[in-house]
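Below: final.txt (compact mmCIF, C-alpha atoms)
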```txt
# COMPACT_ATOMS: atom_id res chain seq x y z
CA MET A 1 62.44 84.82 -11.84
CA SER A 2 64.64 83.15 -9.24
CA THR A 3 68.31 82.81 -10.04
CA PRO A 4 69.97 79.41 -10.24
CA ASP A 5 71.99 78.11 -7.36
CA ASN A 6 75.71 77.90 -8.02
CA GLY A 7 76.20 75.13 -5.52
CA SER A 8 77.58 77.28 -2.72
CA GLY A 9 74.28 78.53 -1.35
CA THR A 10 74.83 82.04 -2.72
CA GLU A 11 73.69 83.80 -5.83
CA PRO A 12 75.96 84.00 -8.89
CA GLY A 13 78.40 86.90 -8.88
CA THR A 14 78.93 86.94 -5.11
CA GLU A 15 81.50 85.38 -2.91
CA PRO A 16 80.47 82.93 -0.17
CA GLY A 17 79.28 84.80 2.87
CA THR A 18 78.82 88.04 0.91
CA GLU A 19 75.46 89.73 0.55
CA PRO A 20 74.49 90.43 -3.10
CA GLY A 21 74.69 94.12 -3.85
CA THR A 22 77.39 94.83 -1.19
CA GLU A 23 81.10 95.25 -1.54
CA SER A 24 83.29 92.19 -1.47
CA GLY A 25 84.50 91.39 2.00
CA THR A 26 81.46 92.84 3.78
CA THR A 27 80.04 89.74 5.37
CA ARG A 28 76.74 89.18 7.10
CA THR A 29 76.65 87.83 10.59
CA ALA A 30 73.90 86.29 12.66
CA ASP A 31 73.58 89.55 14.68
CA ALA A 32 73.37 91.85 11.68
CA GLY A 33 70.38 93.57 13.19
CA PRO A 34 66.71 93.81 12.29
CA ALA A 35 67.31 95.29 8.87
CA GLY A 36 69.82 92.63 7.88
CA SER A 37 67.76 89.76 9.26
CA ALA A 38 64.76 90.80 7.19
CA GLU A 39 66.56 90.42 3.86
CA PRO A 40 66.65 86.58 3.74
CA GLY A 41 62.94 86.45 4.47
CA HIS A 42 62.17 88.78 1.60
CA ARG A 43 64.42 86.84 -0.72
CA ASP A 44 62.80 83.52 0.28
CA ALA A 45 59.34 85.02 -0.20
CA HIS A 46 60.25 86.17 -3.70
CA ARG A 47 61.71 82.76 -4.48
CA TRP A 48 58.53 80.98 -3.36
CA ASN A 49 56.44 83.44 -5.36
CA ASP A 50 58.52 82.58 -8.41
CA VAL A 51 58.04 78.85 -7.76
CA LEU A 52 54.29 79.23 -7.38
CA ARG A 53 54.15 81.36 -10.52
CA GLU A 54 56.08 78.71 -12.43
CA ILE A 55 53.66 76.00 -11.25
CA ALA A 56 50.58 78.07 -12.02
CA SER A 57 51.75 78.97 -15.52
CA GLY A 58 53.26 75.56 -16.30
CA ARG A 59 52.09 72.97 -18.74
CA THR A 60 51.10 70.46 -16.05
CA THR A 61 48.63 72.91 -14.54
CA THR A 62 47.16 73.57 -17.98
CA ALA A 63 46.68 69.83 -18.56
CA VAL A 64 45.02 69.30 -15.16
CA LEU A 65 42.70 72.27 -15.63
CA SER A 66 41.87 71.08 -19.15
CA VAL A 67 40.68 67.77 -17.71
CA PHE A 68 38.73 69.62 -15.03
CA LEU A 69 36.97 71.86 -17.54
CA ALA A 70 36.18 68.89 -19.79
CA VAL A 71 34.60 67.09 -16.83
CA VAL A 72 32.54 70.18 -16.01
CA PHE A 73 31.20 70.44 -19.55
CA GLY A 74 30.65 66.70 -19.55
CA SER A 75 28.55 67.14 -16.42
CA LEU A 76 26.35 69.62 -18.24
CA LEU A 77 25.85 67.15 -21.06
CA ILE A 78 25.03 64.37 -18.61
CA ALA A 79 22.37 66.54 -17.00
CA ALA A 80 21.01 67.58 -20.39
CA THR A 81 20.60 63.97 -21.55
CA ASP A 82 19.00 62.71 -18.34
CA GLU A 83 15.26 62.16 -18.59
CA SER A 84 14.47 63.12 -14.99
CA VAL A 85 16.34 66.40 -15.43
CA ARG A 86 14.40 67.22 -18.57
CA ASP A 87 11.14 66.46 -16.79
CA ALA A 88 12.08 68.72 -13.87
CA SER A 89 13.04 71.52 -16.26
CA LYS A 90 9.43 71.75 -17.43
CA TYR A 91 8.37 73.25 -14.10
CA PHE A 92 11.69 74.86 -13.20
CA PHE A 93 10.24 78.20 -12.05
CA ALA A 94 7.63 76.48 -9.89
CA ALA A 95 10.11 74.20 -8.11
CA PRO A 96 13.74 74.95 -9.05
CA GLY A 97 14.96 72.68 -6.27
CA ASP A 98 13.66 69.63 -8.12
CA PHE A 99 15.68 70.56 -11.19
CA PHE A 100 18.95 71.03 -9.30
CA SER A 101 18.38 67.89 -7.25
CA ALA A 102 17.75 65.83 -10.37
CA SER A 103 20.82 67.33 -12.05
CA TRP A 104 23.01 66.52 -9.07
CA ASP A 105 21.69 62.97 -8.88
CA ALA A 106 22.37 62.42 -12.59
CA ILE A 107 25.90 63.84 -12.48
CA TRP A 108 26.84 62.17 -9.22
CA GLY A 109 25.41 58.84 -10.37
CA ALA A 110 27.28 59.03 -13.66
CA TYR A 111 30.70 59.76 -12.19
CA THR A 112 30.34 57.29 -9.32
CA ALA A 113 29.44 54.66 -11.92
CA LEU A 114 32.51 55.73 -13.88
CA PHE A 115 34.61 55.27 -10.74
CA ARG A 116 33.08 51.88 -9.95
CA GLY A 117 33.75 50.72 -13.50
CA SER A 118 37.33 51.94 -13.71
CA VAL A 119 38.95 52.07 -10.26
CA TRP A 120 37.13 50.32 -7.43
CA ASN A 121 33.85 48.44 -7.41
CA THR A 122 32.23 49.65 -4.21
CA ASN A 123 29.43 47.12 -4.67
CA GLY A 124 31.82 44.17 -4.64
CA THR A 125 31.74 41.57 -1.89
CA ASP A 126 35.43 40.68 -1.89
CA PHE A 127 38.77 42.21 -2.78
CA GLU A 128 39.06 40.40 -6.11
CA THR A 129 35.74 41.82 -7.25
CA ASN A 130 36.56 45.28 -5.93
CA ILE A 131 39.89 45.50 -7.76
CA ARG A 132 38.68 44.11 -11.09
CA PRO A 133 37.77 47.56 -12.55
CA LEU A 134 41.33 48.79 -12.01
CA THR A 135 42.68 45.80 -13.93
CA GLU A 136 40.30 46.60 -16.78
CA THR A 137 41.57 50.18 -16.81
CA CYS A 138 45.16 48.94 -17.08
CA LYS A 139 44.18 46.55 -19.87
CA PHE A 140 42.60 49.34 -21.92
CA ALA A 141 45.48 51.68 -21.10
CA ALA A 142 48.24 49.37 -22.37
CA PRO A 143 47.85 50.02 -26.13
CA LEU A 144 47.09 53.70 -25.50
CA ILE A 145 50.34 54.11 -23.58
CA ALA A 146 52.43 52.30 -26.21
CA ALA A 147 50.89 54.20 -29.12
CA GLY A 148 51.00 57.48 -27.18
CA LEU A 149 54.74 57.00 -26.66
CA GLY A 150 55.17 56.60 -30.42
CA VAL A 151 53.26 59.78 -31.15
CA GLY A 152 54.89 61.71 -28.29
CA LEU A 153 58.41 60.73 -29.30
CA ALA A 154 57.77 62.12 -32.78
CA PHE A 155 56.38 65.30 -31.21
CA ARG A 156 59.69 65.78 -29.39
CA ALA A 157 61.40 65.93 -32.79
CA ALA A 158 58.75 68.41 -34.03
CA MET A 159 57.14 65.72 -36.20
CA PHE A 160 53.38 65.21 -36.23
CA ASN A 161 52.93 61.45 -36.44
CA ILE A 162 49.25 60.89 -37.15
CA GLY A 163 49.93 57.60 -38.88
CA GLY A 164 49.24 55.53 -35.78
CA ARG A 165 46.33 53.75 -37.41
CA GLY A 166 48.36 52.59 -40.38
CA GLN A 167 51.28 51.54 -38.21
CA MET A 168 48.96 49.57 -35.92
CA LEU A 169 47.24 47.85 -38.86
CA MET A 170 50.51 46.75 -40.44
CA ALA A 171 51.91 45.65 -37.09
CA GLY A 172 48.75 43.80 -36.14
CA GLY A 173 48.62 42.04 -39.50
CA ALA A 174 52.25 40.94 -39.27
CA ALA A 175 52.07 39.87 -35.62
CA GLY A 176 48.79 38.06 -36.20
CA TRP A 177 50.16 36.19 -39.22
CA VAL A 178 53.02 34.88 -37.10
CA GLY A 179 50.56 34.19 -34.29
CA TYR A 180 48.38 31.74 -36.21
CA GLN A 181 50.72 30.53 -38.95
CA PHE A 182 53.45 28.75 -36.97
CA ASP A 183 53.57 25.97 -34.41
CA LEU A 184 56.29 26.98 -31.98
CA PRO A 185 56.89 26.79 -28.22
CA ALA A 186 55.30 29.68 -26.37
CA ILE A 187 58.67 30.95 -25.16
CA VAL A 188 59.64 31.47 -28.83
CA HIS A 189 56.29 32.02 -30.52
CA LEU A 190 55.00 34.98 -28.52
CA PRO A 191 58.26 37.02 -28.51
CA LEU A 192 58.67 36.35 -32.23
CA ALA A 193 55.15 37.58 -32.99
CA ILE A 194 55.69 40.73 -30.90
CA VAL A 195 59.05 41.51 -32.51
CA VAL A 196 57.68 40.96 -36.03
CA GLY A 197 54.74 43.24 -35.26
CA MET A 198 56.99 45.98 -33.90
CA ALA A 199 59.28 45.62 -36.92
CA ALA A 200 56.32 46.04 -39.30
CA GLY A 201 55.22 49.16 -37.45
CA ALA A 202 58.79 50.49 -37.51
CA VAL A 203 59.04 49.99 -41.27
CA TRP A 204 55.72 51.75 -41.84
CA GLY A 205 56.67 54.67 -39.60
CA GLY A 206 60.24 54.80 -40.85
CA LEU A 207 58.98 55.08 -44.42
CA ALA A 208 57.38 58.42 -43.57
CA GLY A 209 60.54 59.60 -41.84
CA PHE A 210 62.73 58.50 -44.75
CA LEU A 211 60.56 60.29 -47.32
CA LYS A 212 60.57 63.46 -45.21
CA ALA A 213 64.34 63.30 -44.85
CA ARG A 214 64.99 62.63 -48.54
CA THR A 215 62.31 64.68 -50.27
CA GLY A 216 61.16 67.18 -47.66
CA ALA A 217 57.56 65.90 -47.92
CA HIS A 218 55.46 66.83 -44.91
CA GLU A 219 54.96 63.98 -42.46
CA VAL A 220 51.28 64.86 -41.91
CA ILE A 221 50.45 64.20 -45.57
CA LEU A 222 52.68 61.13 -45.65
CA THR A 223 51.20 59.51 -42.57
CA ILE A 224 47.61 60.26 -43.60
CA MET A 225 48.15 58.63 -46.98
CA LEU A 226 49.98 55.68 -45.43
CA ASN A 227 46.98 55.14 -43.15
CA TYR A 228 44.81 54.56 -46.21
CA VAL A 229 47.42 52.40 -47.89
CA ALA A 230 47.75 50.21 -44.78
CA PHE A 231 43.98 49.86 -44.39
CA TYR A 232 43.37 48.73 -47.96
CA LEU A 233 46.43 46.47 -48.00
CA LEU A 234 45.18 44.69 -44.88
CA PHE A 235 41.63 44.57 -46.21
CA TYR A 236 42.87 42.98 -49.43
CA ALA A 237 44.99 40.46 -47.53
CA LEU A 238 42.04 39.52 -45.32
CA SER A 239 39.85 39.06 -48.38
CA GLU A 240 42.21 36.55 -50.01
CA GLN A 241 42.37 33.05 -48.55
CA SER A 242 45.84 32.66 -50.01
CA LEU A 243 47.00 35.49 -47.75
CA LEU A 244 45.34 36.17 -44.38
CA GLN A 245 41.67 35.22 -44.74
CA ALA A 246 40.50 32.24 -42.71
CA PRO A 247 39.75 29.19 -44.92
CA GLY A 248 36.06 28.85 -45.75
CA SER A 249 35.24 32.36 -44.51
CA LEU A 250 33.65 35.12 -46.56
CA ASN A 251 34.44 37.82 -44.02
CA PRO A 252 37.71 39.80 -43.88
CA LYS A 253 38.96 37.89 -40.86
CA SER A 254 41.94 35.66 -40.15
CA LEU A 255 42.21 32.49 -38.12
CA PRO A 256 42.40 33.01 -34.34
CA MET A 257 45.75 33.16 -32.65
CA LYS A 258 47.28 29.95 -31.40
CA ASP A 259 47.55 29.58 -27.64
CA SER A 260 51.35 29.74 -27.77
CA ALA A 261 51.15 33.26 -29.26
CA VAL A 262 48.57 34.72 -26.87
CA MET A 263 49.79 37.10 -24.18
CA PRO A 264 49.47 35.42 -20.78
CA LYS A 265 47.27 36.91 -18.10
CA LEU A 266 49.17 38.58 -15.29
CA LEU A 267 46.71 37.96 -12.44
CA GLY A 268 45.07 34.69 -13.37
CA ASP A 269 42.07 33.71 -15.45
CA ARG A 270 39.64 35.81 -13.42
CA TYR A 271 41.12 39.03 -14.82
CA ASN A 272 41.71 40.14 -18.40
CA LEU A 273 44.89 42.09 -17.63
CA HIS A 274 47.69 40.55 -19.67
CA LEU A 275 51.36 40.93 -20.53
CA GLY A 276 50.67 43.91 -22.79
CA PHE A 277 50.43 46.25 -19.80
CA LEU A 278 53.83 45.16 -18.48
CA LEU A 279 55.35 45.68 -21.94
CA ALA A 280 53.83 49.18 -22.02
CA LEU A 281 55.48 50.03 -18.68
CA ILE A 282 58.82 48.76 -20.01
CA ALA A 283 58.33 50.94 -23.10
CA VAL A 284 57.79 53.98 -20.85
CA ALA A 285 61.10 53.30 -19.10
CA VAL A 286 62.94 52.77 -22.40
CA VAL A 287 61.61 55.98 -23.97
CA TRP A 288 62.43 57.94 -20.81
CA TRP A 289 66.00 56.66 -20.97
CA ILE A 290 66.30 57.47 -24.67
CA LEU A 291 65.10 61.03 -24.20
CA ASN A 292 66.93 61.86 -21.00
CA ARG A 293 70.04 59.70 -20.83
CA SER A 294 71.18 58.99 -24.38
CA ALA A 295 72.95 60.90 -27.13
CA LEU A 296 70.08 60.03 -29.46
CA GLY A 297 67.66 61.74 -27.07
CA PHE A 298 69.81 64.87 -27.12
CA ARG A 299 69.74 64.90 -30.93
CA ILE A 300 65.98 64.37 -30.95
CA ARG A 301 65.38 67.27 -28.59
CA ALA A 302 67.83 69.50 -30.45
CA VAL A 303 66.15 68.82 -33.80
CA GLY A 304 62.75 69.38 -32.24
CA LEU A 305 63.76 72.76 -30.82
CA ASN A 306 65.51 74.09 -33.93
CA PRO A 307 66.48 71.84 -36.86
CA ASP A 308 68.57 74.58 -38.49
CA ALA A 309 70.63 75.13 -35.35
CA ALA A 310 70.95 71.35 -34.89
CA ARG A 311 72.21 71.01 -38.47
CA ALA A 312 74.71 73.81 -37.90
CA ALA A 313 75.92 71.98 -34.80
CA GLY A 314 76.72 68.90 -36.88
CA ILE A 315 73.59 66.81 -36.24
CA ASN A 316 72.29 64.85 -39.22
CA VAL A 317 68.69 66.09 -39.16
CA GLY A 318 67.47 63.77 -41.92
CA ARG A 319 68.86 60.70 -40.20
CA THR A 320 67.31 61.83 -36.93
CA TYR A 321 63.89 62.14 -38.59
CA THR A 322 64.18 58.62 -39.97
CA THR A 323 65.40 57.18 -36.67
CA VAL A 324 62.65 58.88 -34.69
CA MET A 325 59.93 57.56 -36.98
CA LEU A 326 61.43 54.06 -36.90
CA ILE A 327 61.28 54.02 -33.10
CA ALA A 328 57.86 55.69 -33.06
CA GLY A 329 56.50 53.14 -35.52
CA ALA A 330 57.89 50.29 -33.41
CA LEU A 331 56.15 51.68 -30.30
CA VAL A 332 52.84 52.04 -32.12
CA GLY A 333 53.48 48.57 -33.54
CA LEU A 334 53.65 47.26 -29.98
CA ALA A 335 50.12 48.58 -29.52
CA GLY A 336 49.03 46.78 -32.69
CA ALA A 337 50.59 43.52 -31.52
CA ASN A 338 48.84 44.02 -28.18
CA GLN A 339 45.50 44.17 -29.96
CA VAL A 340 45.81 40.88 -31.85
CA LEU A 341 47.85 38.90 -29.31
CA GLY A 342 45.84 39.93 -26.25
CA THR A 343 43.80 37.41 -24.35
CA VAL A 344 40.51 38.55 -25.87
CA THR A 345 41.05 38.09 -29.59
CA SER A 346 39.50 36.04 -32.37
CA GLY A 347 41.94 36.93 -35.11
CA ILE A 348 43.03 39.82 -37.31
CA GLY A 349 40.41 42.29 -38.51
CA VAL A 350 40.51 45.64 -40.28
CA ASP A 351 39.12 47.23 -37.13
CA LEU A 352 41.93 45.99 -34.89
CA ASP A 353 43.16 49.52 -34.19
CA ALA A 354 39.82 50.37 -32.47
CA GLY A 355 40.52 54.09 -32.85
CA ILE A 356 43.65 53.82 -30.71
CA GLY A 357 45.83 55.25 -33.47
CA PHE A 358 44.02 58.57 -33.16
CA ASP A 359 43.38 58.40 -29.41
CA ALA A 360 47.16 58.16 -29.03
CA ILE A 361 47.43 61.74 -30.30
CA THR A 362 45.21 62.89 -27.45
CA VAL A 363 47.21 60.85 -24.94
CA ALA A 364 50.48 62.34 -26.20
CA LEU A 365 49.08 65.88 -26.06
CA LEU A 366 47.71 65.44 -22.55
CA GLY A 367 50.97 63.85 -21.43
CA ARG A 368 52.94 66.73 -22.98
CA SER A 369 55.02 64.19 -24.93
CA ARG A 370 56.76 63.16 -21.69
CA PRO A 371 56.92 59.40 -20.98
CA LEU A 372 55.58 59.68 -17.43
CA GLY A 373 52.93 62.14 -18.57
CA ILE A 374 51.86 59.76 -21.33
CA LEU A 375 51.66 56.95 -18.77
CA GLY A 376 49.27 59.02 -16.64
CA ALA A 377 47.23 60.15 -19.65
CA GLY A 378 47.00 56.57 -20.91
CA LEU A 379 45.69 55.40 -17.55
CA LEU A 380 43.15 58.24 -17.50
CA PHE A 381 41.83 57.38 -20.94
CA GLY A 382 41.89 53.69 -20.06
CA ALA A 383 39.68 54.58 -17.09
CA PHE A 384 37.34 56.46 -19.42
CA LYS A 385 37.04 53.39 -21.63
CA ALA A 386 36.57 50.93 -18.77
CA GLY A 387 34.20 53.14 -16.79
CA GLY A 388 32.22 54.40 -19.77
CA PHE A 389 30.57 51.04 -20.26
CA ALA A 390 29.65 50.81 -16.58
CA MET A 391 28.24 54.34 -16.71
CA GLN A 392 26.08 53.44 -19.69
CA ALA A 393 24.88 50.15 -18.17
CA SER A 394 24.00 51.46 -14.71
CA GLN A 395 22.87 55.02 -15.46
CA ASN A 396 21.64 54.68 -19.06
CA ILE A 397 23.97 57.49 -20.10
CA PRO A 398 25.32 57.36 -23.68
CA VAL A 399 28.92 56.19 -23.76
CA ASP A 400 29.48 58.91 -26.36
CA ILE A 401 29.55 61.40 -23.48
CA VAL A 402 32.97 59.99 -22.58
CA LEU A 403 34.15 60.63 -26.14
CA VAL A 404 32.93 64.21 -25.86
CA VAL A 405 34.91 64.66 -22.64
CA GLN A 406 38.03 63.31 -24.36
CA SER A 407 37.53 65.69 -27.28
CA LEU A 408 37.07 68.64 -24.94
CA ILE A 409 40.33 67.78 -23.21
CA VAL A 410 42.12 68.11 -26.55
CA LEU A 411 40.31 71.37 -27.26
CA PHE A 412 41.37 72.96 -23.98
CA ILE A 413 44.93 71.64 -24.15
CA ALA A 414 45.28 73.11 -27.63
CA ALA A 415 44.30 76.56 -26.31
CA PRO A 416 46.46 77.37 -23.25
CA PRO A 417 45.56 81.10 -23.42
CA LEU A 418 41.91 80.10 -22.97
CA ILE A 419 42.75 78.19 -19.79
CA GLN A 420 44.85 81.11 -18.53
CA ALA A 421 42.03 83.54 -19.23
CA ILE A 422 39.34 81.42 -17.54
CA PHE A 423 41.34 80.76 -14.38
CA ARG A 424 43.33 84.02 -14.53
CA LEU A 425 46.64 82.24 -14.48
CA PRO A 426 49.86 84.19 -14.96
CA ALA A 427 51.37 83.98 -18.42
CA LYS A 428 54.57 81.98 -18.66
CA GLU A 429 57.49 84.33 -18.86
CA ALA A 430 59.84 84.01 -21.79
CA LYS A 431 63.33 82.93 -20.80
```
Would you put the structure from the file into C-alpha cells?
Amino acid sequence: MSTPDNGSGTEPGTEPGTEPGTESGTTRTADAGPAGSAEPGHRDAHRWNDVLREIASGRTTTAVLSVFLAVVFGSLLIAATDESVRDASKYFFAAPGDFFSASWDAIWGAYTALFRGSVWNTNGTDFETNIRPLTETCKFAAPLIAAGLGVGLAFRAAMFNIGGRGQMLMAGGAAGWVGYQFDLPAIVHLPLAIVVGMAAGAVWGGLAGFLKARTGAHEVILTIMLNYVAFYLLFYALSEQSLLQAPGSLNPKSLPMKDSAVMPKLLGDRYNLHLGFLLALIAVAVVWWILNRSALGFRIRAVGLNPDAARAAGINVGRTYTTVMLIAGALVGLAGANQVLGTVTSGIGVDLDAGIGFDAITVALLGRSRPLGILGAGLLFGAFKAGGFAMQASQNIPVDIVLVVQSLIVLFIAAPPLIQAIFRLPAKEAK
C-alpha cells in the first residue's frame, strides 16, 4: 500500500531532500545518474498500482459491477419472456442466427424503451417532451432518496432500520390529517403538514431506538413489529369516520388534500415533478453535513464501528442509538409526507408507502450508506420505476422484470466475494 504524504512531498521518516533508505544528509540531485533517476519512476508506478488496486477492490466498483451483472441477468430474462425469441428457439439448430437476432432485438428494444421512459424521449418533437421522462425519474426518486437516507444513517450506526414502512405510514397519516383538516394559507399549511409528518416518523423510529437503548431489544425485531402496529393503526383510523375516514365512504380512505397543503410543481403544470425532489436534495446535504462535519456524525460513526470502544471513550451509546433513529425516522417521514402531499394524490390510504419503505433498504445498500451514493442509487431506482412502465407499454415486457433486476442488485451487493471471484478483482487488503 502507498504511504501517506506528510505534507512535505517526502515519505514519513525521511528528511526533505533525502532518499528513503539512505543516510541522513545524502541528498539526491537532478544529475544523480541513470540509477538514481529510475527510482522515482518505480515509486510512482508502485503508487499508481496501489491506487488502481484500491479502486478495483473498493466498494464503489462492487456496486457498479453488481448493477452490471443484474442488468445482464435481466437481459436473459427479457429474452426468455419474449415471444419471438421463444419461436426462434424452436428451430435454433436449423437457423441459430434467427434466435440471436431475435434475442438482441428484444433486449435492445427493452432497454431503449427503459431509457426513453426514464431519461430522454427520443421520439419527442420538442425539448419539453424529450425531457419529461427525466422529470418523472426525479419524481419517483424523491421518496426513495429520503427514505434511503433514513435507512443509511441507521446503517452507519450499525443499526438495521427495516421499519421504513411503519415510519412512512405514521408520517403519511399525520401529514395527511393536517393536509385536509385545516384551512390555512399555503405558506403555513404545507410546511406545517411536512413538519408534522416528519415528527410522526421521528417518534415512530425513535421508539425503536429508545427501546434498544433501554432494554437491549434488537432493532430488527422492534422495527418489524412496529411496521405491523403502524399498518393496523392506520387501517383502523381510516375505517372510522370519526378519525381519518372520508365522510360517507366505506373504503379505508381519507379526504383529499386541500390545495394549500399540496406540494407545488417545480416546472409547471406540464410536469409532475414537485417540491418533494428539492426537499430530498436538501436532506442529502443535511445528512452529509451531519456525518462529515458534526460531532454527532463522529459519535454515530464511532458507535457504528465499535460500540464498546465508543462507550469506553465516553460516548453515550444508548443516547446515540435513540438520536440516530429519531433522525432516521424523520427522514423516512419526509418520504411519507411526500407520498400524501405530492401533486398526484387523492388522500391517505394504507398503501401510501408503495413499497418504498423496503426499497429504501436496497437504495441504502447500493449507495453504501453514503449520502451522495444514496442520491445516485435513488435516481437509478427512480429511473427503473419511470422506465419500467414505458418498457411494458412499448415492448410488452412484464414490469416485474425491473423488480427482478432490483432484487439481483441486492443479491450481488450482499456477496462481494462473488463479484470479486467473477471479475477476478483483488481482495481488499486489511489495514
Exercise for the section: Record the distance separating CA of Ser84 (chain A) and CA of Ile107 (chain A), expressed in Å with one decimal. Expected result: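 Computed distance, CA of Ser84 (chain A) to CA of Ile107 (chain A), equals 11.7 Å.
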Exercise for the section: Figure out the distance between CA of Leu234 (chain A) and CA of Gly205 (chain A), please, to one decimal in Å. Expected result: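 Taking CA of Gly205 (chain A) as the start and CA of Leu234 (chain A) as the end point, the length is 16.1 Å.
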Exercise for the section: Work out how far apart CA of Ala415 (chain A) and CA of Ile361 (chain A) are and give it in Å to one decimal. Expected result: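 Taking CA of Ala415 (chain A) as the start and CA of Ile361 (chain A) as the end point, the length is 15.7 Å.
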Problem - Of the listed residues A:Ala102, A:Ala110, A:Ile290, A:Ala79, that which approaches Asn396 (chain A) most closely, counting only C-alpha atoms - result: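 Counting only C-alpha atoms, the residue closest to Asn396 (chain A) is A:Ala110.
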Exercise for the section: Step by step: start from the point (60.1, 48.2, -33.4) in the file's coordinates, keep every protein, DNA or RNA residue that has an atom no farther than 9 Å from it, count all atoms listed in the file, and write the set as a PyMOL selection string. Expected result: chain A and resi 195-203+326-334
Problem - Val71 (chain A) environment, 12 Å, all atoms listed in the file, sequence neighbours closer than 2 positions dropped, as a PyMOL selection string - result: chain A and resi 64-69+73-78+107-108+110-111+114+384+401-409+412
Practice task
Tell me which protein, DNA and RNA residues are within 12 Å of Val340 (chain A), counting all atoms listed in the file, leaving out same-chain ones fewer than 3 positions away, and put them as number ranges by chain.
Solution key: A: 143, 168-180, 190, 193-194, 197, 253-258, 261-263, 276, 333-337, 343-354
Take the selection from the previous step and output its residues with C-alpha atoms, as a JSON list (two decimals), in the coordinates of the input.
```json
[["chain", "number", "residue", "atom", "x", "y", "z"],
["A", 143, "PRO", "CA", 47.85, 50.02, -26.13],
["A", 168, "MET", "CA", 48.96, 49.57, -35.92],
["A", 169, "LEU", "CA", 47.24, 47.85, -38.86],
["A", 170, "MET", "CA", 50.51, 46.75, -40.44],
["A", 171, "ALA", "CA", 51.91, 45.65, -37.09],
["A", 172, "GLY", "CA", 48.75, 43.80, -36.14],
["A", 173, "GLY", "CA", 48.62, 42.04, -39.50],
["A", 174, "ALA", "CA", 52.25, 40.94, -39.27],
["A", 175, "ALA", "CA", 52.07, 39.87, -35.62],
["A", 176, "GLY", "CA", 48.79, 38.06, -36.20],
["A", 177, "TRP", "CA", 50.16, 36.19, -39.22],
["A", 178, "VAL", "CA", 53.02, 34.88, -37.10],
["A", 179, "GLY", "CA", 50.56, 34.19, -34.29],
["A", 180, "TYR", "CA", 48.38, 31.74, -36.21],
["A", 190, "LEU", "CA", 55.00, 34.98, -28.52],
["A", 193, "ALA", "CA", 55.15, 37.58, -32.99],
["A", 194, "ILE", "CA", 55.69, 40.73, -30.90],
["A", 197, "GLY", "CA", 54.74, 43.24, -35.26],
["A", 253, "LYS", "CA", 38.96, 37.89, -40.86],
["A", 254, "SER", "CA", 41.94, 35.66, -40.15],
["A", 255, "LEU", "CA", 42.21, 32.49, -38.12],
["A", 256, "PRO", "CA", 42.40, 33.01, -34.34],
["A", 257, "MET", "CA", 45.75, 33.16, -32.65],
["A", 258, "LYS", "CA", 47.28, 29.95, -31.40],
["A", 261, "ALA", "CA", 51.15, 33.26, -29.26],
["A", 262, "VAL", "CA", 48.57, 34.72, -26.87],
["A", 263, "MET", "CA", 49.79, 37.10, -24.18],
["A", 276, "GLY", "CA", 50.67, 43.91, -22.79],
["A", 333, "GLY", "CA", 53.48, 48.57, -33.54],
["A", 334, "LEU", "CA", 53.65, 47.26, -29.98],
["A", 335, "ALA", "CA", 50.12, 48.58, -29.52],
["A", 336, "GLY", "CA", 49.03, 46.78, -32.69],
["A", 337, "ALA", "CA", 50.59, 43.52, -31.52],
["A", 343, "THR", "CA", 43.80, 37.41, -24.35],
["A", 344, "VAL", "CA", 40.51, 38.55, -25.87],
["A", 345, "THR", "CA", 41.05, 38.09, -29.59],
["A", 346, "SER", "CA", 39.50, 36.04, -32.37],
["A", 347, "GLY", "CA", 41.94, 36.93, -35.11],
["A", 348, "ILE", "CA", 43.03, 39.82, -37.31],
["A", 349, "GLY", "CA", 40.41, 42.29, -38.51],
["A", 350, "VAL", "CA", 40.51, 45.64, -40.28],
["A", 351, "ASP", "CA", 39.12, 47.23, -37.13],
["A", 352, "LEU", "CA", 41.93, 45.99, -34.89],
["A", 353, "ASP", "CA", 43.16, 49.52, -34.19],
["A", 354, "ALA", "CA", 39.82, 50.37, -32.47]]
```
